[in-house]
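Engineer: For reference, this is target.cif, and it has mmCIF, C-alpha atoms and all ligand atoms; chains and numbers go by the auth columns.
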```cif
data_structure
#
loop_
_atom_site.group_PDB
_atom_site.id
_atom_site.type_symbol
_atom_site.label_atom_id
_atom_site.label_comp_id
_atom_site.label_asym_id
_atom_site.label_seq_id
_atom_site.Cartn_x
_atom_site.Cartn_y
_atom_site.Cartn_z
_atom_site.B_iso_or_equiv
_atom_site.auth_seq_id
_atom_site.auth_asym_id
ATOM 1 C CA MET A 1 15.603 4.859 79.287 0.00 26 U
ATOM 2 C CA ASN A 2 12.235 6.421 78.603 0.00 27 U
ATOM 3 C CA TYR A 3 9.707 6.161 81.408 0.00 28 U
ATOM 4 C CA HIS A 4 6.600 8.285 81.672 0.00 29 U
ATOM 5 C CA TYR A 5 5.337 8.520 85.257 0.00 30 U
ATOM 6 C CA ASP A 6 1.565 8.924 85.597 0.00 31 U
ATOM 7 C CA PRO A 7 0.951 11.156 88.649 0.00 32 U
ATOM 8 C CA GLU A 8 -2.676 9.958 88.777 0.00 33 U
ATOM 9 C CA ASN A 9 -1.768 6.353 89.612 0.00 34 U
ATOM 10 C CA ILE A 10 -3.287 5.040 92.837 0.00 35 U
ATOM 11 C CA PHE A 11 -0.040 4.958 94.809 0.00 36 U
ATOM 12 C CA ALA A 12 0.720 8.576 93.907 0.00 37 U
ATOM 13 C CA LYS A 13 -2.708 9.406 95.362 0.00 38 U
ATOM 14 C CA ILE A 14 -1.835 7.481 98.534 0.00 39 U
ATOM 15 C CA LEU A 15 1.437 9.430 98.796 0.00 40 U
ATOM 16 C CA ARG A 16 -0.461 12.730 98.424 0.00 41 U
ATOM 17 C CA GLY A 17 -2.941 11.621 101.110 0.00 42 U
ATOM 18 C CA GLU A 18 -5.861 11.637 98.672 0.00 43 U
ATOM 19 C CA ILE A 19 -6.527 7.948 99.382 0.00 44 U
ATOM 20 C CA THR A 20 -6.052 6.316 102.760 0.00 45 U
ATOM 21 C CA CYS A 21 -3.853 3.341 103.454 0.00 46 U
ATOM 22 C CA THR A 22 -2.960 1.183 106.431 0.00 47 U
ATOM 23 C CA LYS A 23 0.567 2.352 107.051 0.00 48 U
ATOM 24 C CA VAL A 24 3.170 -0.189 108.116 0.00 49 U
ATOM 25 C CA TYR A 25 6.316 1.934 107.917 0.00 50 U
ATOM 26 C CA GLU A 26 7.429 5.376 106.783 0.00 51 U
ATOM 27 C CA SER A 27 10.817 7.015 106.381 0.00 52 U
ATOM 28 C CA THR A 28 12.134 10.038 104.500 0.00 53 U
ATOM 29 C CA HIS A 29 12.008 8.401 101.069 0.00 54 U
ATOM 30 C CA THR A 30 9.869 5.290 101.587 0.00 55 U
ATOM 31 C CA LEU A 31 6.297 4.332 102.520 0.00 56 U
ATOM 32 C CA ALA A 32 4.963 0.835 103.238 0.00 57 U
ATOM 33 C CA PHE A 33 1.320 -0.129 103.660 0.00 58 U
ATOM 34 C CA SER A 34 -0.919 -3.186 103.623 0.00 59 U
ATOM 35 C CA ASP A 35 -2.180 -4.433 100.261 0.00 60 U
ATOM 36 C CA ILE A 36 -5.908 -3.823 99.895 0.00 61 U
ATOM 37 C CA ALA A 37 -6.407 -7.388 98.620 0.00 62 U
ATOM 38 C CA PRO A 38 -3.936 -9.445 100.661 0.00 63 U
ATOM 39 C CA LYS A 39 -2.699 -12.715 99.165 0.00 64 U
ATOM 40 C CA ALA A 40 -1.098 -13.878 102.450 0.00 65 U
ATOM 41 C CA PRO A 41 -1.457 -13.103 106.186 0.00 66 U
ATOM 42 C CA HIS A 42 1.229 -10.447 105.718 0.00 67 U
ATOM 43 C CA HIS A 43 1.026 -8.610 102.390 0.00 68 U
ATOM 44 C CA VAL A 44 2.898 -5.335 102.508 0.00 69 U
ATOM 45 C CA LEU A 45 3.625 -2.994 99.600 0.00 70 U
ATOM 46 C CA VAL A 46 6.825 -0.969 99.876 0.00 71 U
ATOM 47 C CA ILE A 47 7.071 2.108 97.649 0.00 72 U
ATOM 48 C CA PRO A 48 9.590 4.885 97.206 0.00 73 U
ATOM 49 C CA LYS A 49 8.162 8.384 97.620 0.00 74 U
ATOM 50 C CA GLY A 50 9.829 9.464 94.401 0.00 75 U
ATOM 51 C CA ALA A 51 8.179 9.160 90.998 0.00 76 U
ATOM 52 C CA TYR A 52 9.566 5.849 89.727 0.00 77 U
ATOM 53 C CA VAL A 53 7.582 3.499 87.529 0.00 78 U
ATOM 54 C CA CYS A 54 9.309 0.202 88.293 0.00 79 U
ATOM 55 C CA TYR A 55 12.430 -1.294 89.820 0.00 80 U
ATOM 56 C CA ASP A 56 14.884 -0.791 86.977 0.00 81 U
ATOM 57 C CA HIS A 57 13.708 2.818 86.615 0.00 82 U
ATOM 58 C CA PHE A 58 14.414 3.364 90.322 0.00 83 U
ATOM 59 C CA ALA A 59 17.726 1.488 90.208 0.00 84 U
ATOM 60 C CA ARG A 60 18.933 3.662 87.320 0.00 85 U
ATOM 61 C CA ALA A 61 17.444 7.057 88.179 0.00 86 U
ATOM 62 C CA ALA A 62 17.123 7.322 91.959 0.00 87 U
ATOM 63 C CA SER A 63 19.786 8.863 94.170 0.00 88 U
ATOM 64 C CA ASP A 64 21.996 6.697 96.353 0.00 89 U
ATOM 65 C CA VAL A 65 20.224 8.153 99.390 0.00 90 U
ATOM 66 C CA GLU A 66 16.814 7.037 98.103 0.00 91 U
ATOM 67 C CA ILE A 67 18.085 3.568 97.216 0.00 92 U
ATOM 68 C CA VAL A 68 19.691 3.062 100.612 0.00 93 U
ATOM 69 C CA ASP A 69 16.580 4.344 102.389 0.00 94 U
ATOM 70 C CA TYR A 70 14.346 1.987 100.385 0.00 95 U
ATOM 71 C CA THR A 71 16.577 -1.043 100.892 0.00 96 U
ATOM 72 C CA ARG A 72 16.970 -0.403 104.614 0.00 97 U
ATOM 73 C CA ALA A 73 13.203 0.058 104.893 0.00 98 U
ATOM 74 C CA ILE A 74 12.652 -3.449 103.553 0.00 99 U
ATOM 75 C CA GLY A 75 15.042 -4.810 106.173 0.00 100 U
ATOM 76 C CA THR A 76 13.294 -2.920 108.949 0.00 101 U
ATOM 77 C CA ILE A 77 9.840 -4.051 107.823 0.00 102 U
ATOM 78 C CA CYS A 78 10.934 -7.719 107.758 0.00 103 U
ATOM 79 C CA GLU A 79 12.348 -7.257 111.245 0.00 104 U
ATOM 80 C CA GLN A 80 9.149 -5.544 112.466 0.00 105 U
ATOM 81 C CA LEU A 81 6.947 -8.307 111.048 0.00 106 U
ATOM 82 C CA GLY A 82 9.113 -11.013 112.623 0.00 107 U
ATOM 83 C CA ILE A 83 9.522 -12.810 109.309 0.00 108 U
ATOM 84 C CA ALA A 84 13.299 -12.553 108.780 0.00 109 U
ATOM 85 C CA PRO A 85 14.832 -16.044 108.814 0.00 110 U
ATOM 86 C CA GLY A 86 17.921 -14.638 110.526 0.00 111 U
ATOM 87 C CA ASP A 87 15.719 -13.597 113.459 0.00 112 U
ATOM 88 C CA GLY A 88 14.016 -16.983 113.690 0.00 113 U
ATOM 89 C CA GLY A 89 11.167 -15.915 111.399 0.00 114 U
ATOM 90 C CA ALA A 90 9.611 -18.294 108.893 0.00 115 U
ATOM 91 C CA GLY A 91 10.598 -16.267 105.827 0.00 116 U
ATOM 92 C CA TYR A 92 8.825 -14.359 103.108 0.00 117 U
ATOM 93 C CA ARG A 93 8.743 -13.715 99.377 0.00 118 U
ATOM 94 C CA MET A 94 9.432 -10.389 97.691 0.00 119 U
ATOM 95 C CA ILE A 95 7.965 -9.689 94.267 0.00 120 U
ATOM 96 C CA SER A 96 8.219 -6.609 92.081 0.00 121 U
ATOM 97 C CA ASN A 97 6.205 -6.713 88.883 0.00 122 U
ATOM 98 C CA ALA A 98 7.230 -4.534 85.940 0.00 123 U
ATOM 99 C CA GLY A 99 5.523 -3.762 82.659 0.00 124 U
ATOM 100 C CA ALA A 100 3.200 -5.880 80.572 0.00 125 U
ATOM 101 C CA ASP A 101 4.909 -9.263 80.871 0.00 126 U
ATOM 102 C CA GLY A 102 5.450 -8.664 84.588 0.00 127 U
ATOM 103 C CA VAL A 103 1.710 -7.973 84.847 0.00 128 U
ATOM 104 C CA GLN A 104 2.220 -4.713 86.738 0.00 129 U
ATOM 105 C CA GLU A 105 -1.120 -3.101 87.579 0.00 130 U
ATOM 106 C CA VAL A 106 -0.010 0.047 89.380 0.00 131 U
ATOM 107 C CA PRO A 107 2.710 2.027 87.553 0.00 132 U
ATOM 108 C CA HIS A 108 4.572 3.205 90.660 0.00 133 U
ATOM 109 C CA LEU A 109 7.415 0.991 91.860 0.00 134 U
ATOM 110 C CA HIS A 110 6.355 -1.345 94.619 0.00 135 U
ATOM 111 C CA VAL A 111 7.793 -4.454 96.183 0.00 136 U
ATOM 112 C CA HIS A 112 5.291 -6.936 97.560 0.00 137 U
ATOM 113 C CA ILE A 113 6.359 -8.644 100.789 0.00 138 U
ATOM 114 C CA LEU A 114 4.302 -11.799 101.282 0.00 139 U
ATOM 115 C CA ALA A 115 4.583 -13.840 104.466 0.00 140 U
ATOM 116 C CA GLY A 116 2.723 -15.666 107.199 0.00 141 U
ATOM 117 C CA ARG A 117 2.218 -18.913 105.282 0.00 142 U
ATOM 118 C CA ASN A 118 4.108 -21.018 102.769 0.00 143 U
ATOM 119 C CA ILE A 119 3.915 -18.876 99.619 0.00 144 U
ATOM 120 C CA GLY A 120 4.085 -21.869 97.279 0.00 145 U
ATOM 121 C CA PRO A 121 5.698 -22.229 93.836 0.00 146 U
ATOM 122 C CA MET A 122 7.640 -19.264 92.534 0.00 147 U
ATOM 123 C CA VAL A 123 5.495 -18.786 89.418 0.00 148 U
ATOM 124 C CA MET A 124 2.348 -20.303 88.055 0.00 149 U
ATOM 125 C CA MET A 125 3.275 -22.660 85.237 0.00 150 U
ATOM 126 C CA ARG A 126 1.329 -22.308 82.023 0.00 151 U
ATOM 127 C CA PRO A 127 1.444 -24.755 79.109 0.00 152 U
HETATM 128 P P1 LIG B . 0.900 -5.086 90.876 0.00 201 U
HETATM 129 O O1 LIG B . 0.074 -6.049 90.085 0.00 201 U
HETATM 130 O O2 LIG B . 0.963 -3.728 90.228 0.00 201 U
HETATM 131 O O3 LIG B . 2.257 -5.633 91.198 0.00 201 U
HETATM 132 O O4 LIG B . 0.194 -4.958 92.279 0.00 201 U
HETATM 133 C C1 LIG B . -0.612 -3.880 92.635 0.00 201 U
HETATM 134 C C2 LIG B . -1.156 -4.186 94.014 0.00 201 U
HETATM 135 O O5 LIG B . -1.747 -3.019 94.517 0.00 201 U
HETATM 136 C C3 LIG B . -2.215 -5.288 94.052 0.00 201 U
HETATM 137 O O6 LIG B . -1.784 -6.356 94.909 0.00 201 U
HETATM 138 C C4 LIG B . -3.457 -4.574 94.590 0.00 201 U
HETATM 139 O O7 LIG B . -4.221 -5.367 95.469 0.00 201 U
HETATM 140 C C5 LIG B . -2.861 -3.372 95.287 0.00 201 U
HETATM 141 N N1 LIG B . -3.735 -2.198 95.314 0.00 201 U
HETATM 142 C C6 LIG B . -4.427 -1.672 94.277 0.00 201 U
HETATM 143 N N2 LIG B . -5.120 -0.577 94.660 0.00 201 U
HETATM 144 C C7 LIG B . -4.818 -0.400 95.979 0.00 201 U
HETATM 145 C C8 LIG B . -5.221 0.582 96.934 0.00 201 U
HETATM 146 O O8 LIG B . -5.985 1.508 96.656 0.00 201 U
HETATM 147 N N3 LIG B . -4.727 0.455 98.191 0.00 201 U
HETATM 148 C C9 LIG B . -3.873 -0.560 98.532 0.00 201 U
HETATM 149 N N4 LIG B . -3.441 -0.603 99.795 0.00 201 U
HETATM 150 N N5 LIG B . -3.478 -1.501 97.654 0.00 201 U
HETATM 151 C C10 LIG B . -3.938 -1.419 96.394 0.00 201 U
#
```
Output the file's structure in the form of structure tokens.
Structural biologist:
Amino acid sequence: MNYHYDPENIFAKILRGEITCTKVYESTHTLAFSDIAPKAPHHVLVIPKGAYVCYDHFARAASDVEIVDYTRAIGTICEQLGIAPGDGGAGYRMISNAGADGVQEVPHLHVHILAGRNIGPMVMMRP
């Protein structure tokens, strides 16, 4: 595993408070905020505070404490937004893009939570 983390990426700047965000949730190891260009009525980005490039990097390198904190944060955010099907919510989609084929723009792990309307087909089909 060979990941280089760029500390000048936009989410690192948000974590350092150099750029503002609309915070949705914060815990010891996790921050969630609204996407600046929302693709659905709810579009939340959930990021670990640690320097991880993408999901597999986090899954392999983060501590158990960070991974539990991050996973629980996603549960809490779904509960807070009222979108969890188990609570009578209408559901959501989670997406985490990685690398070139995943078309990841910001090289700091983030999960998108999209909800508030039917999110449509899982991926855009190309010929
Ligand atoms: P990616 O393509 O890397 O999975 O998604 C990056 C996301 O970050 C995009 O949905 C984009 O709108 C969002 N984004 C980029 N810059 C900013 C920013 O400065 N603030 C916030 N809140 N979101 C951003």
Engineer: Could you tell me how far atom CA of Ala109 of chain U sits from atom O1 of ligand LIG 201 (chain U), in Å to one decimal place?
Structural biologist: 23.8 Å
Engineer: Tell me, in Å to one decimal, how far atom CA of Thr55 of chain U is from atom CA of Ala98 of chain U.
Structural biologist: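 Taking atom CA of Thr55 of chain U as the start and atom CA of Ala98 of chain U as the end point, the length is 7.0 Å.
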Engineer: Can you list, as a PDB file with C-alpha atoms, in the coordinates of the input, the residues that the PyMOL selection byres (((not hetatm)) within 8 of (chain U and resi 201)) selects here?
Structural biologist:
```pdb
ATOM      1  CA  ILE U  35      -3.287   5.040  92.837  1.00  0.00           C
ATOM      2  CA  PHE U  36      -0.040   4.958  94.809  1.00  0.00           C
ATOM      3  CA  ILE U  39      -1.835   7.481  98.534  1.00  0.00           C
ATOM      4  CA  ILE U  44      -6.527   7.948  99.382  1.00  0.00           C
ATOM      5  CA  THR U  45      -6.052   6.316 102.760  1.00  0.00           C
ATOM      6  CA  CYS U  46      -3.853   3.341 103.454  1.00  0.00           C
ATOM      7  CA  THR U  47      -2.960   1.183 106.431  1.00  0.00           C
ATOM      8  CA  PHE U  58       1.320  -0.129 103.660  1.00  0.00           C
ATOM      9  CA  SER U  59      -0.919  -3.186 103.623  1.00  0.00           C
ATOM     10  CA  ASP U  60      -2.180  -4.433 100.261  1.00  0.00           C
ATOM     11  CA  ILE U  61      -5.908  -3.823  99.895  1.00  0.00           C
ATOM     12  CA  ALA U  62      -6.407  -7.388  98.620  1.00  0.00           C
ATOM     13  CA  PRO U  63      -3.936  -9.445 100.661  1.00  0.00           C
ATOM     14  CA  LYS U  64      -2.699 -12.715  99.165  1.00  0.00           C
ATOM     15  CA  LEU U  70       3.625  -2.994  99.600  1.00  0.00           C
ATOM     16  CA  ILE U 120       7.965  -9.689  94.267  1.00  0.00           C
ATOM     17  CA  SER U 121       8.219  -6.609  92.081  1.00  0.00           C
ATOM     18  CA  ASN U 122       6.205  -6.713  88.883  1.00  0.00           C
ATOM     19  CA  ALA U 123       7.230  -4.534  85.940  1.00  0.00           C
ATOM     20  CA  GLY U 127       5.450  -8.664  84.588  1.00  0.00           C
ATOM     21  CA  VAL U 128       1.710  -7.973  84.847  1.00  0.00           C
ATOM     22  CA  GLN U 129       2.220  -4.713  86.738  1.00  0.00           C
ATOM     23  CA  GLU U 130      -1.120  -3.101  87.579  1.00  0.00           C
ATOM     24  CA  VAL U 131      -0.010   0.047  89.380  1.00  0.00           C
ATOM     25  CA  PRO U 132       2.710   2.027  87.553  1.00  0.00           C
ATOM     26  CA  HIS U 133       4.572   3.205  90.660  1.00  0.00           C
ATOM     27  CA  HIS U 135       6.355  -1.345  94.619  1.00  0.00           C
ATOM     28  CA  VAL U 136       7.793  -4.454  96.183  1.00  0.00           C
ATOM     29  CA  HIS U 137       5.291  -6.936  97.560  1.00  0.00           C
TER      30      HIS U 137
END
```
Engineer: Point out the residue among U:Gly100, U:Gly107, U:Gly42, U:Gly124 with the least atom-to-atom distance to His67 of chain U, counting only C-alpha atoms.
Structural biologist: U:Gly107
Engineer: Quick one: residues within 6 Å of His54 of chain U, all atoms listed in the file, excluding same-chain residues fewer than 4 positions away - as a PyMOL selection string?
Structural biologist: chain U and resi 73-74+91
Engineer: Include C-alpha atoms and write out the residues we just selected as a tab-separated table (two decimals), in the coordinates of the input.
Structural biologist:
```tsv
chain	number	residue	atom	x	y	z
U	73	PRO	CA	9.59	4.88	97.21
U	74	LYS	CA	8.16	8.38	97.62
U	91	GLU	CA	16.81	7.04	98.10
```
Engineer: My list of candidates is U:Tyr80, U:Leu56, U:Ala125, U:Gly75. Which is closest to Arg97 of chain U when distances are computed with all atoms listed in the file?
Structural biologist: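 Closest to Arg97 of chain U, using all atoms listed in the file: U:Leu56.
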Engineer: For the file shown, report as number ranges by chain the outcome of the PyMOL selection byres (((chain U and resi 78) around 8) and not hetatm) at residue level.
Structural biologist: U: 28-30, 76-77, 79-80, 82-83, 132-134
Engineer: Would you mind telling me which residue in U:Glu104, U:Ala87, U:Asp31, U:Met149 lies nearest to Tyr50 of chain U when using all atoms listed in the file?
Structural biologist: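 Checking each of U:Glu104, U:Ala87, U:Asp31, U:Met149 against Tyr50 of chain U, counting all atoms listed in the file, the winner is U:Glu104.
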Engineer: One decimal, in Å: what's the spacing between atom CA of Asp126 of chain U and atom CA of Ala65 of chain U?
Structural biologist: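 Separation of atom CA of Asp126 of chain U and atom CA of Ala65 of chain U: 22.9 Å.
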Engineer: Mind working out the centre and edge lengths of an axis-aligned box for segment 89-93 of chain U, all listed atoms inside, 4 Å added to each side, rounded to one decimal in Å and written as lines of an AutoDock Vina configuration file?
Structural biologist:
```
center_x = 19.4
center_y = 5.6
center_z = 98.5
size_x = 13.2
size_y = 13.1
size_z = 12.3
```
Engineer: Point out the residue among U:Thr53, U:Lys48, U:Asn27, U:Gly114 with the least atom-to-atom distance to Arg85 of chain U, counting only C-alpha atoms.
Structural biologist: U:Asn27
Engineer: Apply the PyMOL selection byres (((chain U and resi 141-143) around 6) and not hetatm) to the structure shown and report the selected residues as a list in words.
Structural biologist: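 Given this file, the PyMOL selection byres (((chain U and resi 141-143) around 6) and not hetatm) evaluates to Pro66, His67, Ala140, Ile144 and Gly145 of chain U.
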Engineer: Please determine, counting all atoms listed in the file, which residue among U:Ile92, U:Ile99, U:Met150, U:Leu106 has the shortest atom-to-atom distance to Ala57 of chain U.
Structural biologist: U:Ile99
Engineer: Nearest to Ser52 of chain U among U:Glu33, U:Asp94, U:Ile72, U:Asp89, with distances taken over only C-alpha atoms: which residue is it?
Structural biologist: U:Asp94
